[in-house]
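Undergrad: This one is model-v4.pdb, PDB, C-alpha atoms and all ligand atoms.
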```
ATOM      1  CA  MET X 290       7.800   6.990 -24.218
ATOM      2  CA  ILE X 291      11.175   6.176 -22.685
ATOM      3  CA  SER X 292      13.758   4.231 -24.739
ATOM      4  CA  LYS X 293      14.378   0.543 -23.974
ATOM      5  CA  LYS X 294      18.006   1.318 -23.142
ATOM      6  CA  LEU X 295      17.014   3.902 -20.524
ATOM      7  CA  GLU X 296      14.240   1.686 -19.202
ATOM      8  CA  GLU X 297      16.768  -1.096 -18.599
ATOM      9  CA  ALA X 298      19.302   1.287 -17.022
ATOM     10  CA  ILE X 299      16.684   2.768 -14.669
ATOM     11  CA  ASN X 300      15.599  -0.732 -13.642
ATOM     12  CA  ALA X 301      19.247  -1.484 -12.811
ATOM     13  CA  GLN X 302      19.366   1.732 -10.772
ATOM     14  CA  ILE X 303      16.199   0.730  -8.875
ATOM     15  CA  ASN X 304      17.964  -2.495  -7.931
ATOM     16  CA  ALA X 305      21.085  -0.540  -6.863
ATOM     17  CA  GLU X 306      18.979   1.758  -4.651
ATOM     18  CA  LEU X 307      17.237  -1.198  -3.024
ATOM     19  CA  TRP X 308      20.612  -2.868  -2.490
ATOM     20  CA  SER X 309      21.792   0.365  -0.816
ATOM     21  CA  ALA X 310      18.706   0.260   1.425
ATOM     22  CA  TYR X 311      19.526  -3.322   2.381
ATOM     23  CA  LEU X 312      23.174  -2.418   3.053
ATOM     24  CA  TYR X 313      22.253   0.433   5.408
ATOM     25  CA  LEU X 314      19.635  -1.674   7.179
ATOM     26  CA  SER X 315      22.345  -4.272   7.757
ATOM     27  CA  MET X 316      24.633  -1.569   9.191
ATOM     28  CA  GLY X 317      21.771  -0.371  11.402
ATOM     29  CA  MET X 318      21.184  -3.874  12.766
ATOM     30  CA  ASN X 319      24.927  -4.303  13.337
ATOM     31  CA  PHE X 320      25.073  -1.219  15.571
ATOM     32  CA  GLU X 321      21.771  -2.023  17.282
ATOM     33  CA  ASP X 322      23.433  -5.268  18.302
ATOM     34  CA  LYS X 323      26.496  -3.375  19.575
ATOM     35  CA  GLY X 324      24.407  -1.078  21.780
ATOM     36  CA  LEU X 325      24.965   2.038  19.660
ATOM     37  CA  SER X 326      21.318   2.895  19.087
ATOM     38  CA  GLY X 327      21.991   6.458  17.856
ATOM     39  CA  ILE X 328      24.282   5.239  15.090
ATOM     40  CA  ALA X 329      21.741   2.488  14.351
ATOM     41  CA  ASN X 330      19.078   5.216  14.056
ATOM     42  CA  TRP X 331      21.179   7.106  11.511
ATOM     43  CA  PHE X 332      21.499   4.004   9.324
ATOM     44  CA  LYS X 333      17.815   3.086   9.671
ATOM     45  CA  ILE X 334      16.882   6.523   8.326
ATOM     46  CA  GLN X 335      19.388   6.011   5.529
ATOM     47  CA  PHE X 336      17.562   2.721   4.807
ATOM     48  CA  LYS X 337      14.290   4.669   4.384
ATOM     49  CA  GLU X 338      15.920   7.289   2.172
ATOM     50  CA  GLU X 339      17.290   4.636  -0.171
ATOM     51  CA  GLN X 340      13.832   3.084  -0.468
ATOM     52  CA  ASP X 341      12.592   6.570  -1.359
ATOM     53  CA  HIS X 342      15.242   6.837  -4.078
ATOM     54  CA  ALA X 343      14.015   3.552  -5.553
ATOM     55  CA  THR X 344      10.418   4.821  -5.348
ATOM     56  CA  ILE X 345      11.292   8.046  -7.187
ATOM     57  CA  PHE X 346      12.813   6.010 -10.032
ATOM     58  CA  MET X 347       9.829   3.611 -10.076
ATOM     59  CA  ASN X 348       7.331   6.482 -10.188
ATOM     60  CA  TYR X 349       9.308   8.107 -12.962
ATOM     61  CA  LEU X 350       9.536   4.949 -15.064
ATOM     62  CA  ASN X 351       5.781   4.384 -14.673
ATOM     63  CA  SER X 352       5.043   7.975 -15.653
ATOM     64  CA  ARG X 353       7.084   7.558 -18.856
ATOM     65  CA  GLY X 354       5.326   4.383 -19.965
ATOM     66  CA  GLY X 355       8.215   2.129 -18.892
ATOM     67  CA  ARG X 356       7.880  -1.163 -17.036
ATOM     68  CA  VAL X 357       9.403  -1.613 -13.586
ATOM     69  CA  ILE X 358      11.041  -5.019 -13.220
ATOM     70  CA  LEU X 359      12.158  -5.971  -9.724
ATOM     71  CA  ARG X 360      15.133  -8.298  -9.724
ATOM     72  CA  PRO X 361      16.828 -10.177  -6.831
ATOM     73  CA  ILE X 362      18.760  -8.082  -4.333
ATOM     74  CA  ALA X 363      22.288  -9.367  -3.763
ATOM     75  CA  GLU X 364      23.582 -10.276  -0.342
ATOM     76  CA  VAL X 365      25.139  -7.560   1.846
ATOM     77  CA  GLU X 366      27.825  -7.627   4.525
ATOM     78  CA  THR X 367      26.606  -8.099   8.081
ATOM     79  CA  GLU X 368      29.522  -7.079  10.288
ATOM     80  CA  TRP X 369      31.350  -3.774  10.800
ATOM     81  CA  ALA X 370      33.639  -3.708  13.810
ATOM     82  CA  THR X 371      33.476   0.052  14.391
ATOM     83  CA  PRO X 372      31.354   3.044  13.285
ATOM     84  CA  LEU X 373      34.436   4.338  11.446
ATOM     85  CA  ASP X 374      34.580   1.136   9.362
ATOM     86  CA  ALA X 375      30.873   1.487   8.523
ATOM     87  CA  PHE X 376      31.092   5.152   7.520
ATOM     88  CA  LYS X 377      34.178   4.469   5.408
ATOM     89  CA  ALA X 378      32.202   1.715   3.649
ATOM     90  CA  THR X 379      29.287   4.146   3.308
ATOM     91  CA  LEU X 380      31.457   6.756   1.589
ATOM     92  CA  LYS X 381      32.956   4.158  -0.750
ATOM     93  CA  HIS X 382      29.491   2.899  -1.634
ATOM     94  CA  GLU X 383      28.087   6.392  -2.204
ATOM     95  CA  GLN X 384      30.993   7.154  -4.549
ATOM     96  CA  VAL X 385      29.959   4.112  -6.608
ATOM     97  CA  VAL X 386      26.334   5.301  -6.624
ATOM     98  CA  THR X 387      27.454   8.752  -7.753
ATOM     99  CA  SER X 388      29.197   7.251 -10.757
ATOM    100  CA  LEU X 389      26.097   5.139 -11.565
ATOM    101  CA  ILE X 390      23.932   8.280 -11.503
ATOM    102  CA  HIS X 391      26.423  10.131 -13.696
ATOM    103  CA  ASP X 392      26.454   7.231 -16.188
ATOM    104  CA  LEU X 393      22.645   7.373 -16.294
ATOM    105  CA  TYR X 394      22.838  11.102 -16.969
ATOM    106  CA  PHE X 395      25.305  10.599 -19.840
ATOM    107  CA  LEU X 396      23.062   7.833 -21.253
ATOM    108  CA  SER X 397      20.053  10.175 -21.139
ATOM    109  CA  GLU X 398      22.105  12.640 -23.217
ATOM    110  CA  GLU X 399      22.998   9.924 -25.724
ATOM    111  CA  GLU X 400      19.336   8.897 -25.918
ATOM    112  CA  ARG X 401      18.302  12.538 -26.407
ATOM    113  CA  ASP X 402      15.912  12.402 -23.450
ATOM    114  CA  PRO X 403      15.761  15.793 -21.671
ATOM    115  CA  ALA X 404      13.009  14.692 -19.242
ATOM    116  CA  THR X 405      15.221  11.939 -17.823
ATOM    117  CA  ARG X 406      18.144  14.344 -17.668
ATOM    118  CA  SER X 407      16.025  16.794 -15.692
ATOM    119  CA  MET X 408      14.775  14.080 -13.296
ATOM    120  CA  LEU X 409      18.375  13.020 -12.642
ATOM    121  CA  GLN X 410      19.458  16.506 -11.600
ATOM    122  CA  TRP X 411      17.943  15.988  -8.128
ATOM    123  CA  PHE X 412      19.963  12.785  -7.719
ATOM    124  CA  ILE X 413      23.184  14.468  -8.848
ATOM    125  CA  ASP X 414      22.771  17.118  -6.128
ATOM    126  CA  GLU X 415      21.704  14.517  -3.571
ATOM    127  CA  GLN X 416      24.891  12.515  -4.167
ATOM    128  CA  VAL X 417      27.051  15.570  -3.394
ATOM    129  CA  GLU X 418      25.259  15.781  -0.044
ATOM    130  CA  GLU X 419      25.481  12.037   0.633
ATOM    131  CA  GLU X 420      29.239  11.993   0.098
ATOM    132  CA  GLU X 421      29.792  15.165   2.120
ATOM    133  CA  THR X 422      27.815  13.836   5.104
ATOM    134  CA  ALA X 423      29.746  10.547   5.125
ATOM    135  CA  LYS X 424      33.064  12.443   4.902
ATOM    136  CA  GLN X 425      32.107  14.718   7.824
ATOM    137  CA  LEU X 426      31.195  11.739   9.996
ATOM    138  CA  ILE X 427      34.454   9.979   9.093
ATOM    139  CA  ASP X 428      36.421  13.096  10.120
ATOM    140  CA  LYS X 429      34.604  13.259  13.458
ATOM    141  CA  LEU X 430      35.149   9.564  14.151
ATOM    142  CA  ILE X 431      38.864   9.849  13.327
ATOM    143  CA  MET X 432      39.058  12.749  15.790
ATOM    144  CA  ILE X 433      37.284  10.674  18.469
ATOM    145  CA  GLY X 434      39.645   7.708  17.975
ATOM    146  CA  ASP X 435      39.162   5.280  20.848
ATOM    147  CA  ASN X 436      37.773   7.858  23.251
ATOM    148  CA  GLY X 437      34.689   6.246  24.796
ATOM    149  CA  TYR X 438      33.081   9.522  25.820
ATOM    150  CA  GLY X 439      33.459  10.843  22.256
ATOM    151  CA  LEU X 440      31.718   7.767  20.913
ATOM    152  CA  TYR X 441      28.948   8.200  23.490
ATOM    153  CA  GLN X 442      28.502  11.829  22.331
ATOM    154  CA  ILE X 443      28.369  11.025  18.613
ATOM    155  CA  ASP X 444      25.897   8.223  19.293
ATOM    156  CA  LYS X 445      23.695  10.769  21.096
ATOM    157  CA  GLU X 446      24.065  13.227  18.209
ATOM    158  CA  LEU X 447      23.079  10.675  15.561
ATOM    159  CA  ALA X 448      20.080   9.618  17.651
ATOM    160  CA  THR X 449      18.552  13.029  16.826
ATOM    161  CA  ARG X 450      18.429  12.413  13.063
ATOM    162  CA  VAL X 451      14.813  12.413  11.877
ATOM    163  CA  TYR X 452      13.317  11.189   8.642
ATOM    164  CA  SER X 453      11.749  13.559   6.148
ATOM    165  CA  ALA X 454      10.471  12.676   2.686
ATOM    166  CA  PRO X 455      12.757  13.820  -0.147
ATOM    167  CA  ALA X 456      11.518  16.733  -2.269
ATOM    168  CA  PRO X 457      10.441  14.693  -5.343
ATOM    169  CA  LEU X 458       8.217  12.472  -3.167
ATOM    170  CA  ALA X 459       6.959  15.258  -0.902
ATOM    171  CA  ALA X 460       5.936  17.186  -4.052
ATOM    172  CA  ALA X 461       4.043  14.164  -5.396
ATOM    173  CA  GLU X 462       1.926  13.806  -2.218
TER     174      GLU X 462
HETATM  175 FE1  LIG X 501      20.425   6.462  -3.221
HETATM  176 FE2  LIG X 501      22.619   6.949  -1.069
HETATM  177  O1  LIG X 501      22.057   7.099  -2.812
END
```
Could you show the structure in this file as structure tokens?
Ligand code: FEO

TA:
Amino acid sequence: MISKKLEEAINAQINAELWSAYLYLSMGMNFEDKGLSGIANWFKIQFKEEQDHATIFMNYLNSRGGRVILRPIAEVETEWATPLDAFKATLKHEQVVTSLIHDLYFLSEEERDPATRSMLQWFIDEQVEEEETAKQLIDKLIMIGDNGYGLYQIDKELATRVYSAPAPLAAAE
């Protein structure tokens, strides 16, 4: 059975993942409104992925005899003037999530819980990817600057992003 301390920390992480989902949905709706449907698509898939992250933690807590407690999700911003602003905010947010995941990992060491440590490994690797992707998109958008054709091209590119279930969920199906 999982310790109370870890149970509480994982519940907080579930809330953080659902907040992330809400944040990216808000970004998606912002760009839908601005006529950038490819960029909106990218954020809507990000919204699904964050829900998946919450689901992985919920499944794990249930499997360890813990109790999932869903708490209120705090308000998110609604307006980003440019895609560059949104991807900069994305990177900043993912850096916060990375440190939350690392704190959870260190807590699982303190609590002498190797199963939780092992479960978190997937998230540690995932965060490296999340930050790298945001950085790459920021670099591209800086290169594009205020070139309208460049923005049109990147919107087309991000329209091709498709959703696929993350490995821990795909394996559970
Ligand atoms: Fe659930 Fe984007 O980290």

Undergrad: Report as a compact mmCIF listing (two decimals) with C-alpha atoms, keeping the file's coordinate frame which protein, DNA and RNA residues come within 10 Å of ligand LIG 501 (chain X), using all atoms listed in the file.

TA:
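Result written to result00.txt:
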```txt
# COMPACT_ATOMS: atom_id res chain seq x y z
CA GLN X 302 19.37 1.73 -10.77
CA ILE X 303 16.20 0.73 -8.88
CA ALA X 305 21.08 -0.54 -6.86
CA GLU X 306 18.98 1.76 -4.65
CA LEU X 307 17.24 -1.20 -3.02
CA TRP X 308 20.61 -2.87 -2.49
CA SER X 309 21.79 0.36 -0.82
CA ALA X 310 18.71 0.26 1.42
CA TYR X 313 22.25 0.43 5.41
CA GLN X 335 19.39 6.01 5.53
CA PHE X 336 17.56 2.72 4.81
CA LYS X 337 14.29 4.67 4.38
CA GLU X 338 15.92 7.29 2.17
CA GLU X 339 17.29 4.64 -0.17
CA GLN X 340 13.83 3.08 -0.47
CA ASP X 341 12.59 6.57 -1.36
CA HIS X 342 15.24 6.84 -4.08
CA ALA X 343 14.02 3.55 -5.55
CA THR X 379 29.29 4.15 3.31
CA LEU X 380 31.46 6.76 1.59
CA HIS X 382 29.49 2.90 -1.63
CA GLU X 383 28.09 6.39 -2.20
CA GLN X 384 30.99 7.15 -4.55
CA VAL X 385 29.96 4.11 -6.61
CA VAL X 386 26.33 5.30 -6.62
CA THR X 387 27.45 8.75 -7.75
CA LEU X 389 26.10 5.14 -11.56
CA ILE X 390 23.93 8.28 -11.50
CA PHE X 412 19.96 12.78 -7.72
CA ILE X 413 23.18 14.47 -8.85
CA GLU X 415 21.70 14.52 -3.57
CA GLN X 416 24.89 12.52 -4.17
CA VAL X 417 27.05 15.57 -3.39
CA GLU X 418 25.26 15.78 -0.04
CA GLU X 419 25.48 12.04 0.63
CA GLU X 420 29.24 11.99 0.10
```

Undergrad: Identify, on the basis of all atoms listed in the file, every residue whose closest approach to range 320-334 of chain X does not exceed 10 Å; exclude the query and any residue fewer than 5 positions from it along the same chain; express the result as a compact mmCIF listing (two decimals) with C-alpha atoms, in the coordinates of the input.

TA:
```
# COMPACT_ATOMS: atom_id res chain seq x y z
CA ALA X 310 18.71 0.26 1.42
CA TYR X 311 19.53 -3.32 2.38
CA LEU X 312 23.17 -2.42 3.05
CA TYR X 313 22.25 0.43 5.41
CA LEU X 314 19.64 -1.67 7.18
CA SER X 315 22.34 -4.27 7.76
CA GLU X 339 17.29 4.64 -0.17
CA GLN X 340 13.83 3.08 -0.47
CA GLU X 368 29.52 -7.08 10.29
CA TRP X 369 31.35 -3.77 10.80
CA ALA X 370 33.64 -3.71 13.81
CA THR X 371 33.48 0.05 14.39
CA PRO X 372 31.35 3.04 13.28
CA ALA X 375 30.87 1.49 8.52
CA PHE X 376 31.09 5.15 7.52
CA THR X 379 29.29 4.15 3.31
CA LEU X 440 31.72 7.77 20.91
CA TYR X 441 28.95 8.20 23.49
CA GLN X 442 28.50 11.83 22.33
CA ILE X 443 28.37 11.02 18.61
CA ASP X 444 25.90 8.22 19.29
CA LYS X 445 23.70 10.77 21.10
CA GLU X 446 24.06 13.23 18.21
CA LEU X 447 23.08 10.68 15.56
CA ALA X 448 20.08 9.62 17.65
CA THR X 449 18.55 13.03 16.83
CA ARG X 450 18.43 12.41 13.06
CA VAL X 451 14.81 12.41 11.88
CA TYR X 452 13.32 11.19 8.64
CA SER X 453 11.75 13.56 6.15
```

Undergrad: Calculate how many Å separate CA of Lys377 in chain X from CA of Trp411 in chain X, rounding to one decimal.

TA: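 Spanning CA of Lys377 in chain X to CA of Trp411 in chain X is a straight-line distance of 24.1 Å.
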
Undergrad: With the file shown as input, list the residues that the PyMOL selection byres (((chain X and resi 355) around 12) and not hetatm) selects, as a VMD selection string.

TA: chain X and resid 290 to 300 346 to 354 356 to 358

Undergrad: Just so the selection is clear, what residues does the PyMOL selection byres (((chain X and resi 406) around 9) and not hetatm) cover here, as JSON, numbers by chain?

TA: {"X": [393, 394, 395, 396, 397, 398, 401, 402, 403, 404, 405, 407, 408, 409, 410]}

Undergrad: With C-alpha atoms retained, export the selected residues as a PDB file, in the coordinates of the input.

TA:
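Generated file (again03.pdb):
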```pdb
ATOM      1  CA  LEU X 393      22.645   7.373 -16.294  1.00  0.00           C
ATOM      2  CA  TYR X 394      22.838  11.102 -16.969  1.00  0.00           C
ATOM      3  CA  PHE X 395      25.305  10.599 -19.840  1.00  0.00           C
ATOM      4  CA  LEU X 396      23.062   7.833 -21.253  1.00  0.00           C
ATOM      5  CA  SER X 397      20.053  10.175 -21.139  1.00  0.00           C
ATOM      6  CA  GLU X 398      22.105  12.640 -23.217  1.00  0.00           C
ATOM      7  CA  ARG X 401      18.302  12.538 -26.407  1.00  0.00           C
ATOM      8  CA  ASP X 402      15.912  12.402 -23.450  1.00  0.00           C
ATOM      9  CA  PRO X 403      15.761  15.793 -21.671  1.00  0.00           C
ATOM     10  CA  ALA X 404      13.009  14.692 -19.242  1.00  0.00           C
ATOM     11  CA  THR X 405      15.221  11.939 -17.823  1.00  0.00           C
ATOM     12  CA  SER X 407      16.025  16.794 -15.692  1.00  0.00           C
ATOM     13  CA  MET X 408      14.775  14.080 -13.296  1.00  0.00           C
ATOM     14  CA  LEU X 409      18.375  13.020 -12.642  1.00  0.00           C
ATOM     15  CA  GLN X 410      19.458  16.506 -11.600  1.00  0.00           C
TER      16      GLN X 410
END
```

Undergrad: Nearest to Leu426 in chain X among X:Ala461, X:Ala378, X:Ala454, X:Leu373, with distances taken over all atoms listed in the file: which residue is it?

TA: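 Between X:Ala461, X:Ala378, X:Ala454, X:Leu373, the residue approaching Leu426 in chain X most closely is X:Leu373.
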
Undergrad: Suppose you want the space between CA of Glu364 in chain X and CA of Lys381 in chain X; what is it in Å?

TA: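 Result for CA of Glu364 in chain X versus CA of Lys381 in chain X: 17.2 Å, one decimal.
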
Undergrad: Please compute the CA of Lys429 in chain X-CA of Thr367 in chain X distance, one decimal, in Å.

TA: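 For CA of Lys429 in chain X relative to CA of Thr367 in chain X, the distance reads 23.4 Å.
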
Undergrad: Please, could N, CA and C atoms be added to range 297-320 of chain X and the result written as an mmCIF file, keeping the file's coordinate frame?

TA:
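Below is the file selection-v7.cif, written as the result:
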```
data_model
loop_
_atom_site.group_PDB
_atom_site.id
_atom_site.type_symbol
_atom_site.label_atom_id
_atom_site.label_comp_id
_atom_site.auth_asym_id
_atom_site.auth_seq_id
_atom_site.Cartn_x
_atom_site.Cartn_y
_atom_site.Cartn_z
ATOM 1 N N GLU X 297 15.925 -0.047 -19.190
ATOM 2 C CA GLU X 297 16.768 -1.096 -18.599
ATOM 3 C C GLU X 297 17.738 -0.497 -17.577
ATOM 4 N N ALA X 298 18.327 0.651 -17.929
ATOM 5 C CA ALA X 298 19.302 1.287 -17.022
ATOM 6 C C ALA X 298 18.612 1.787 -15.747
ATOM 7 N N ILE X 299 17.398 2.290 -15.871
ATOM 8 C CA ILE X 299 16.684 2.768 -14.669
ATOM 9 C C ILE X 299 16.279 1.574 -13.805
ATOM 10 N N ASN X 300 15.891 0.479 -14.426
ATOM 11 C CA ASN X 300 15.599 -0.732 -13.642
ATOM 12 C C ASN X 300 16.835 -1.199 -12.876
ATOM 13 N N ALA X 301 18.001 -1.106 -13.503
ATOM 14 C CA ALA X 301 19.247 -1.484 -12.811
ATOM 15 C C ALA X 301 19.492 -0.525 -11.644
ATOM 16 N N GLN X 302 19.172 0.751 -11.846
ATOM 17 C CA GLN X 302 19.366 1.732 -10.772
ATOM 18 C C GLN X 302 18.396 1.479 -9.611
ATOM 19 N N ILE X 303 17.176 1.069 -9.928
ATOM 20 C CA ILE X 303 16.199 0.730 -8.875
ATOM 21 C C ILE X 303 16.772 -0.400 -8.011
ATOM 22 N N ASN X 304 17.362 -1.385 -8.674
ATOM 23 C CA ASN X 304 17.964 -2.495 -7.931
ATOM 24 C C ASN X 304 19.136 -1.997 -7.069
ATOM 25 N N ALA X 305 19.934 -1.080 -7.619
ATOM 26 C CA ALA X 305 21.085 -0.540 -6.863
ATOM 27 C C ALA X 305 20.609 0.248 -5.643
ATOM 28 N N GLU X 306 19.503 0.983 -5.790
ATOM 29 C CA GLU X 306 18.979 1.758 -4.651
ATOM 30 C C GLU X 306 18.426 0.817 -3.579
ATOM 31 N N LEU X 307 17.769 -0.248 -4.004
ATOM 32 C CA LEU X 307 17.237 -1.198 -3.024
ATOM 33 C C LEU X 307 18.363 -1.970 -2.344
ATOM 34 N N TRP X 308 19.432 -2.226 -3.094
ATOM 35 C CA TRP X 308 20.612 -2.868 -2.490
ATOM 36 C C TRP X 308 21.214 -1.928 -1.449
ATOM 37 N N SER X 309 21.275 -0.634 -1.770
ATOM 38 C CA SER X 309 21.792 0.365 -0.816
ATOM 39 C C SER X 309 20.940 0.351 0.450
ATOM 40 N N ALA X 310 19.614 0.292 0.278
ATOM 41 C CA ALA X 310 18.706 0.260 1.425
ATOM 42 C C ALA X 310 19.039 -0.943 2.315
ATOM 43 N N TYR X 311 19.231 -2.076 1.672
ATOM 44 C CA TYR X 311 19.526 -3.322 2.381
ATOM 45 C C TYR X 311 20.869 -3.224 3.123
ATOM 46 N N LEU X 312 21.849 -2.613 2.452
ATOM 47 C CA LEU X 312 23.174 -2.418 3.053
ATOM 48 C C LEU X 312 23.067 -1.574 4.328
ATOM 49 N N TYR X 313 22.335 -0.453 4.249
ATOM 50 C CA TYR X 313 22.253 0.433 5.408
ATOM 51 C C TYR X 313 21.400 -0.184 6.522
ATOM 52 N N LEU X 314 20.409 -0.973 6.157
ATOM 53 C CA LEU X 314 19.635 -1.674 7.179
ATOM 54 C C LEU X 314 20.547 -2.657 7.919
ATOM 55 N N SER X 315 21.408 -3.324 7.163
ATOM 56 C CA SER X 315 22.345 -4.272 7.757
ATOM 57 C C SER X 315 23.302 -3.542 8.708
ATOM 58 N N MET X 316 23.765 -2.364 8.309
ATOM 59 C CA MET X 316 24.633 -1.569 9.191
ATOM 60 C C MET X 316 23.859 -1.165 10.452
ATOM 61 N N GLY X 317 22.608 -0.764 10.266
ATOM 62 C CA GLY X 317 21.771 -0.371 11.402
ATOM 63 C C GLY X 317 21.620 -1.509 12.401
ATOM 64 N N MET X 318 21.363 -2.710 11.883
ATOM 65 C CA MET X 318 21.184 -3.874 12.766
ATOM 66 C C MET X 318 22.491 -4.234 13.465
ATOM 67 N N ASN X 319 23.605 -4.042 12.761
ATOM 68 C CA ASN X 319 24.927 -4.303 13.337
ATOM 69 C C ASN X 319 25.170 -3.412 14.563
ATOM 70 N N PHE X 320 24.811 -2.122 14.442
ATOM 71 C CA PHE X 320 25.073 -1.219 15.571
ATOM 72 C C PHE X 320 23.998 -1.319 16.656
#
```
